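> I am sharing coords02.tsv, which consists of TSV, C-alpha atoms:
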chain	number	residue	atom	x	y	z
A	1	MET	CA	-16.41	-9.60	86.40
A	2	ALA	CA	-17.69	-10.62	82.98
A	3	LEU	CA	-15.24	-11.19	80.17
A	4	SER	CA	-15.71	-9.88	76.68
A	5	HIS	CA	-17.10	-12.41	74.24
A	6	PRO	CA	-13.89	-12.78	72.15
A	7	VAL	CA	-11.77	-13.26	75.28
A	8	ALA	CA	-14.18	-15.83	76.74
A	9	LEU	CA	-14.31	-17.80	73.49
A	10	SER	CA	-10.51	-17.62	73.14
A	11	ILE	CA	-9.97	-19.03	76.64
A	12	PHE	CA	-12.46	-21.82	75.99
A	13	ALA	CA	-10.82	-22.69	72.66
A	14	SER	CA	-7.32	-22.54	74.15
A	15	TYR	CA	-8.34	-25.20	76.67
A	16	PHE	CA	-9.06	-27.72	73.92
A	17	LEU	CA	-6.05	-26.64	71.86
A	18	SER	CA	-3.81	-27.15	74.89
A	19	ILE	CA	-5.11	-30.69	75.31
A	20	ILE	CA	-4.45	-31.48	71.65
A	21	ALA	CA	-0.96	-29.97	71.86
A	22	LEU	CA	-0.11	-32.04	74.94
A	23	PHE	CA	-1.27	-35.25	73.29
A	24	VAL	CA	0.84	-34.47	70.23
A	25	LEU	CA	3.89	-33.61	72.35
A	26	ILE	CA	3.65	-36.84	74.34
A	27	LEU	CA	2.81	-39.16	71.46
A	28	ARG	CA	5.67	-37.81	69.35
A	29	SER	CA	8.10	-39.34	71.84
A	30	PHE	CA	6.58	-42.79	71.31
A	31	PRO	CA	8.33	-45.05	68.78
A	32	ARG	CA	6.47	-45.49	65.51
A	33	ARG	CA	6.69	-49.26	65.81
A	34	ILE	CA	6.57	-51.50	68.83
A	35	PRO	CA	10.11	-52.74	69.56
A	36	PRO	CA	10.53	-56.53	69.35
A	37	ASN	CA	11.50	-56.74	73.03
A	38	VAL	CA	8.29	-55.01	74.17
A	39	SER	CA	5.05	-56.89	74.78
A	40	SER	CA	2.49	-55.86	72.18
A	41	PHE	CA	-0.30	-57.03	74.46
A	42	ARG	CA	0.78	-54.63	77.21
A	43	VAL	CA	1.14	-51.73	74.79
A	44	TYR	CA	-2.33	-52.27	73.32
A	45	THR	CA	-3.78	-52.78	76.79
A	46	PHE	CA	-2.60	-49.38	77.98
A	47	ALA	CA	-3.66	-47.81	74.67
A	48	VAL	CA	-7.19	-49.16	75.15
A	49	LEU	CA	-7.20	-48.03	78.79
A	50	THR	CA	-6.11	-44.55	77.72
A	51	LEU	CA	-8.91	-44.31	75.17
A	52	ALA	CA	-11.48	-45.73	77.60
A	53	SER	CA	-10.41	-43.30	80.33
A	54	PHE	CA	-10.60	-40.38	77.91
A	55	LEU	CA	-14.08	-41.31	76.68
A	56	HIS	CA	-15.34	-41.97	80.21
A	57	THR	CA	-14.00	-38.63	81.46
A	58	TRP	CA	-15.31	-36.60	78.56
A	59	TYR	CA	-18.74	-38.17	78.75
A	60	TYR	CA	-19.15	-36.56	82.16
A	61	MET	CA	-17.25	-33.42	81.12
A	62	LEU	CA	-19.64	-32.78	78.23
A	63	ASP	CA	-22.57	-33.59	80.49
A	64	PHE	CA	-21.33	-30.95	82.96
A	65	LEU	CA	-20.86	-28.36	80.21
A	66	GLN	CA	-24.38	-28.99	78.97
A	67	TRP	CA	-25.79	-28.65	82.49
A	68	SER	CA	-23.85	-25.43	83.08
A	69	PHE	CA	-25.06	-23.94	79.79
A	70	VAL	CA	-28.70	-24.83	80.43
A	71	ASP	CA	-28.51	-23.62	84.03
A	72	PHE	CA	-27.07	-20.28	82.92
A	73	GLU	CA	-29.73	-19.71	80.30
A	74	ARG	CA	-32.50	-20.55	82.74
A	75	SER	CA	-31.31	-17.81	85.07
A	76	ALA	CA	-30.11	-15.28	82.49
A	77	PHE	CA	-33.12	-15.58	80.18
A	78	PHE	CA	-35.76	-16.29	82.78
A	79	GLY	CA	-39.25	-15.83	81.36
A	80	GLN	CA	-38.22	-16.01	77.72
A	81	THR	CA	-39.71	-18.67	75.51
A	82	ASP	CA	-37.69	-21.33	73.73
A	83	ALA	CA	-38.56	-19.69	70.43
A	84	ALA	CA	-37.04	-16.41	71.61
A	85	LEU	CA	-33.87	-18.20	72.69
A	86	ARG	CA	-33.55	-20.02	69.39
A	87	ALA	CA	-33.77	-16.68	67.61
A	88	ILE	CA	-30.46	-15.69	69.23
A	89	PRO	CA	-27.43	-17.08	67.34
A	90	ILE	CA	-25.93	-20.04	69.18
A	91	ALA	CA	-22.46	-18.47	69.04
A	92	THR	CA	-23.79	-15.43	70.90
A	93	ARG	CA	-25.48	-17.61	73.51
A	94	VAL	CA	-22.33	-19.67	74.06
A	95	ALA	CA	-20.16	-16.54	74.26
A	96	ARG	CA	-22.51	-14.98	76.80
A	97	TRP	CA	-22.49	-18.18	78.86
A	98	LEU	CA	-18.69	-18.31	78.88
A	99	SER	CA	-18.42	-14.60	79.69
A	100	TYR	CA	-20.52	-14.83	82.84
A	101	THR	CA	-19.63	-18.34	84.02
A	102	ALA	CA	-16.39	-19.38	85.74
A	103	LEU	CA	-16.46	-22.98	84.56
A	104	PHE	CA	-13.31	-24.06	86.36
A	105	GLU	CA	-14.49	-22.73	89.70
A	106	GLN	CA	-18.02	-23.97	89.10
A	107	ALA	CA	-16.84	-27.53	88.50
A	108	TRP	CA	-14.49	-27.63	91.48
A	109	THR	CA	-17.01	-25.94	93.76
A	110	ALA	CA	-19.50	-28.69	92.95
A	111	VAL	CA	-16.83	-31.23	93.89
A	112	ALA	CA	-15.64	-29.60	97.11
A	113	ARG	CA	-18.89	-28.26	98.54
A	114	ALA	CA	-20.65	-31.59	99.18
A	115	PRO	CA	-18.89	-33.72	101.85
A	116	LEU	CA	-19.45	-37.02	100.03
A	117	ASN	CA	-18.25	-35.64	96.70
A	118	TRP	CA	-15.17	-34.20	98.31
A	119	TRP	CA	-14.42	-37.42	100.18
A	120	TRP	CA	-13.72	-39.42	97.03
A	121	SER	CA	-12.30	-36.47	95.09
A	122	GLU	CA	-9.83	-35.81	97.90
A	123	GLN	CA	-8.44	-39.34	97.50
A	124	ILE	CA	-7.64	-38.65	93.84
A	125	CYS	CA	-6.11	-35.26	94.68
A	126	LEU	CA	-3.93	-36.71	97.43
A	127	PHE	CA	-2.84	-39.57	95.18
A	128	THR	CA	-1.90	-37.07	92.48
A	129	ALA	CA	-0.13	-34.67	94.82
A	130	GLY	CA	1.83	-37.43	96.53
A	131	THR	CA	2.26	-40.87	95.01
A	132	TRP	CA	1.83	-40.08	91.34
A	133	THR	CA	3.97	-36.94	91.34
A	134	ILE	CA	6.84	-38.80	93.00
A	135	ALA	CA	6.39	-41.75	90.63
A	136	LEU	CA	6.56	-39.43	87.62
A	137	ALA	CA	9.68	-37.72	88.94
A	138	THR	CA	11.54	-40.92	89.84
A	139	TYR	CA	10.46	-43.51	87.26
A	140	GLY	CA	10.28	-40.90	84.54
A	141	ARG	CA	13.90	-39.87	84.98
A	142	THR	CA	15.08	-43.46	85.50
A	143	HIS	CA	13.49	-44.45	82.18
A	144	ARG	CA	14.49	-41.16	80.54
A	145	VAL	CA	10.92	-40.22	79.67
A	146	LYS	CA	10.68	-36.90	77.88
A	147	HIS	CA	8.42	-34.02	78.88
A	148	LEU	CA	7.40	-35.27	82.32
A	149	TRP	CA	5.64	-32.00	83.05
A	150	ALA	CA	3.35	-32.62	80.06
A	151	TYR	CA	1.91	-35.74	81.71
A	152	MET	CA	1.01	-33.80	84.85
A	153	LEU	CA	-0.48	-30.94	82.87
A	154	LEU	CA	-2.48	-33.37	80.74
A	155	GLY	CA	-3.73	-35.03	83.92
A	156	GLN	CA	-4.82	-31.66	85.26
A	157	LEU	CA	-6.59	-30.63	82.06
A	158	VAL	CA	-8.15	-34.00	81.19
A	159	ALA	CA	-7.83	-36.71	83.83
A	160	ILE	CA	-5.09	-38.40	85.83
A	161	SER	CA	-6.31	-41.77	84.55
A	162	VAL	CA	-5.62	-40.71	80.95
A	163	ALA	CA	-2.19	-39.28	81.69
A	164	SER	CA	-1.15	-42.22	83.88
A	165	CYS	CA	-2.07	-44.80	81.22
A	166	LEU	CA	0.01	-42.90	78.66
A	167	PHE	CA	2.91	-42.68	81.11
A	168	TYR	CA	2.83	-46.40	81.91
A	169	GLU	CA	2.73	-47.16	78.20
A	170	GLU	CA	5.81	-45.03	77.58
A	171	LEU	CA	7.65	-46.84	80.37
A	172	LEU	CA	7.25	-49.99	78.30
A	173	PHE	CA	9.02	-48.37	75.36
A	174	PHE	CA	11.90	-46.97	77.40
A	175	PRO	CA	13.22	-49.52	79.91
A	176	ARG	CA	15.96	-48.60	82.33
A	177	SER	CA	19.30	-47.76	80.78
A	178	ARG	CA	21.63	-50.70	80.41
A	179	ILE	CA	25.35	-51.17	79.99
A	180	SER	CA	26.72	-53.64	77.48
A	181	LEU	CA	29.66	-55.80	78.43
A	182	SER	CA	32.19	-56.90	75.89
A	183	PRO	CA	32.28	-60.66	75.21
A	184	SER	CA	35.65	-60.97	76.96
A	185	VAL	CA	34.28	-59.32	80.10
A	186	ALA	CA	31.12	-61.39	80.01
A	187	LYS	CA	33.08	-64.66	79.72
A	188	SER	CA	35.87	-63.85	82.17
A	189	PRO	CA	34.99	-64.98	85.72
A	190	SER	CA	37.39	-62.42	87.16
A	191	LYS	CA	35.58	-59.58	85.40
A	192	ARG	CA	32.06	-60.57	86.19
A	193	LEU	CA	29.86	-58.15	88.04
A	194	PRO	CA	28.94	-58.79	91.67
A	195	GLY	CA	26.37	-61.49	92.14
A	196	ASN	CA	27.90	-63.77	89.46
A	197	THR	CA	26.06	-61.92	86.70
A	198	THR	CA	27.02	-63.33	83.33
A	199	THR	CA	24.59	-61.62	81.00
A	200	ALA	CA	26.02	-59.30	78.39
A	201	SER	CA	23.42	-56.65	79.17
A	202	THR	CA	23.07	-55.80	82.83
A	203	PRO	CA	20.98	-53.06	84.46
A	204	ILE	CA	23.04	-50.20	85.80
A	205	PRO	CA	23.21	-50.47	89.59
A	206	THR	CA	21.16	-47.74	91.20
A	207	CYS	CA	21.45	-46.31	94.67
A	208	ARG	CA	18.56	-44.83	96.57
A	209	LEU	CA	19.25	-41.14	96.87
A	210	PRO	CA	17.04	-38.75	98.81
A	211	LEU	CA	14.55	-36.80	96.74
A	212	PRO	CA	15.72	-33.28	95.88
A	213	PRO	CA	13.94	-30.35	97.58
A	214	THR	CA	12.39	-29.42	94.24
A	215	THR	CA	10.45	-32.68	94.47
A	216	TYR	CA	9.48	-33.20	98.09
A	217	LEU	CA	8.77	-29.57	99.06
A	218	PRO	CA	6.14	-29.00	96.33
A	219	VAL	CA	4.62	-32.39	97.19
A	220	ILE	CA	4.36	-31.48	100.88
A	221	PHE	CA	2.90	-28.03	100.24
A	222	SER	CA	0.42	-29.26	97.62
A	223	THR	CA	-0.73	-32.05	99.94
A	224	ILE	CA	-1.36	-29.57	102.75
A	225	LEU	CA	-3.26	-27.25	100.40
A	226	THR	CA	-5.35	-30.16	99.15
A	227	ILE	CA	-6.43	-30.98	102.70
A	228	LEU	CA	-7.31	-27.31	103.28
A	229	LEU	CA	-9.34	-26.85	100.08
A	230	PRO	CA	-12.80	-27.10	101.74
A	231	THR	CA	-11.73	-24.46	104.27
A	232	ALA	CA	-10.39	-22.27	101.47
A	233	LEU	CA	-13.77	-22.54	99.76
A	234	THR	CA	-15.55	-21.01	102.75
A	235	GLN	CA	-12.91	-18.28	103.08
A	236	GLY	CA	-13.06	-17.20	99.45
A	237	LEU	CA	-9.54	-18.52	98.78
A	238	PHE	CA	-10.51	-21.63	96.86
A	239	PHE	CA	-9.30	-20.59	93.42
A	240	PRO	CA	-5.88	-19.25	94.59
A	241	ALA	CA	-5.30	-22.43	96.62
A	242	LEU	CA	-6.28	-24.66	93.70
A	243	LEU	CA	-4.11	-22.71	91.29
A	244	ALA	CA	-1.17	-23.00	93.70
A	245	ILE	CA	-1.61	-26.79	93.84
A	246	HIS	CA	-1.58	-27.08	90.06
A	247	ILE	CA	1.59	-24.98	89.78
A	248	LEU	CA	3.38	-26.76	92.62
A	249	LEU	CA	2.83	-30.17	91.03
A	250	ILE	CA	4.53	-29.05	87.81
A	251	ILE	CA	7.75	-27.99	89.58
A	252	PRO	CA	9.07	-31.51	90.45
A	253	LEU	CA	8.70	-32.55	86.82
A	254	LEU	CA	10.61	-29.73	85.19
A	255	PRO	CA	14.01	-30.66	83.70
A	256	LEU	CA	16.73	-30.79	86.34
A	257	PRO	CA	19.74	-28.50	85.85
A	258	GLN	CA	22.73	-30.25	84.34
A	259	ARG	CA	25.66	-30.68	86.70
Could you quickly redo this structure as structure tokens?

Amino acid sequence: MALSHPVALSIFASYFLSIIALFVLILRSFPRRIPPNVSSFRVYTFAVLTLASFLHTWYYMLDFLQWSFVDFERSAFFGQTDAALRAIPIATRVARWLSYTALFEQAWTAVARAPLNWWWSEQICLFTAGTWTIALATYGRTHRVKHLWAYMLLGQLVAISVASCLFYEELLFFPRSRISLSPSVAKSPSKRLPGNTTTASTPIPTCRLPLPPTTYLPVIFSTILTILLPTALTQGLFFPALLAIHILLIIPLLPLPQR
């Protein structure tokens, strides 16, 4: 079903506005200056990697959008000359393209339909659904990173490589919480922590607790759905399955209820 031109243009614009909003939300939690105890080299390294990942991703994203637009006009305006096409306002042509083209499904169908394309894309999807989601949920909360869900959503809208570089950079700014010992405690042998620790700033001991169901259940279900995506494509259930995966991966990163 074709969308009206204003609706199609609004959805397309909201995609880019959402990306900008997520970048702003994440970057606002970064300190304005690099703390003295943080390696400037590491910070700039991840900043460069973030920019490089973004440019690399959007080079191919813009190339896909151009291909989709040209492919649509070839089929929709078959037989018309280039001069006739140029006579139509570009805004009208773009709106018509967006109204009759499901870009999200078109891109993912191109990825999942060819076995070789899906082979390497599946590795990224499984990494995202499993390893990276758990890493965000565990390391993010250990380092008290804000807006964990925003990193996942940014990875879904742009690229996991971009979101992961930003996340690793923020881990540098927010090391694990520490407890400060008073000088008397630090100097007194009887009050030292186990292991003969004498430093005045010692990491809080952590115990390995099992992941909550809100983390491992969405990971399990999204992993299963990822494996079944090619089958869902042939059954006409590709878009619902893909949408379910995206929603499931947000759940483990939502703020936990306060006890």
> Using only C-alpha atoms, which residue out of A:Ala83, A:Phe46, A:Glu169, A:Gln106 lies closest to Leu65 in chain A?
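Using only C-alpha atoms, Leu65 in chain A sits closest to A:Gln106.
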> Quick one: distance from CA of Leu148 in chain A to CA of Leu253 in chain A in Å, one decimal?
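Taking CA of Leu148 in chain A as the start and CA of Leu253 in chain A as the end point, the length is 5.4 Å.
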> Just how far from CA of Leu256 in chain A is CA of Ser161 in chain A, in Å to one decimal?
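Result for CA of Ser161 in chain A versus CA of Leu256 in chain A: 25.6 Å, one decimal.
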> Just the residues within 10 Å of Phe167 in chain A, please, counting only C-alpha atoms, with nothing from its chain fewer than 2 positions along; format it as a ChimeraX atom specification.
/A:26,46,50,136,139-140,145,148,151-152,161-165,169-172
> Restricting the calculation to only C-alpha atoms, which member of A:Ala137, A:Ala232, A:Val7, A:Val111 is positioned closest to Trp149 in chain A?
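Closest to Trp149 in chain A of all the choices is A:Ala137.
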> Do you have the CA of Phe238 in chain A-CA of Leu225 in chain A distance handy?
9.8 Å
> So which one's closest to Phe104 in chain A, A:Thr223, A:Ser121, A:Gln156, A:Arg32? Using only C-alpha atoms, please.
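Of all the options, A:Gln156 lies closest to Phe104 in chain A.
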> Would you be able to write out as a list in words which residues have an atom within 12 Å of (-18.3, -27.4, 100.3) in the file's coordinates, counting only C-alpha atoms?
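Every residue inside that radius is included here: Gln106, Ala107, Trp108, Thr109, Ala110, Val111, Ala112, Arg113, Ala114, Pro115, Leu116, Asn117, Trp118, Trp119, Leu228, Leu229, Pro230, Thr231, Ala232, Leu233, Thr234, Gln235, Gly236 and Phe238 of chain A.
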> Which neighbours of Ile90 in chain A fall inside 12 Å, counting all atoms listed in the file, when residues of the same chain fewer than 6 positions from it are skipped, and could you give them as a ChimeraX atom specification?
/A:69,73,84,96-97
> For Ile227 in chain A, work out the shell of residues within 9 Å, counting all atoms listed in the file and skipping chain neighbours fewer than 5 positions away, then give it as a list in words.
Glu122, Leu126 and Ser222 of chain A
> Taking only C-alpha atoms into account, name the residue in A:Thr57, A:Thr101, A:Asn37, A:Thr215 that is nearest to Thr131 in chain A.
A:Thr215
> Could you name the residues that touch Ile250 in chain A at 9 Å or less, counting only C-alpha atoms, but leaving out those on the same chain fewer than 4 positions away, as a ChimeraX atom specification?
/A:133,148-150,152-153,218,245-246,254
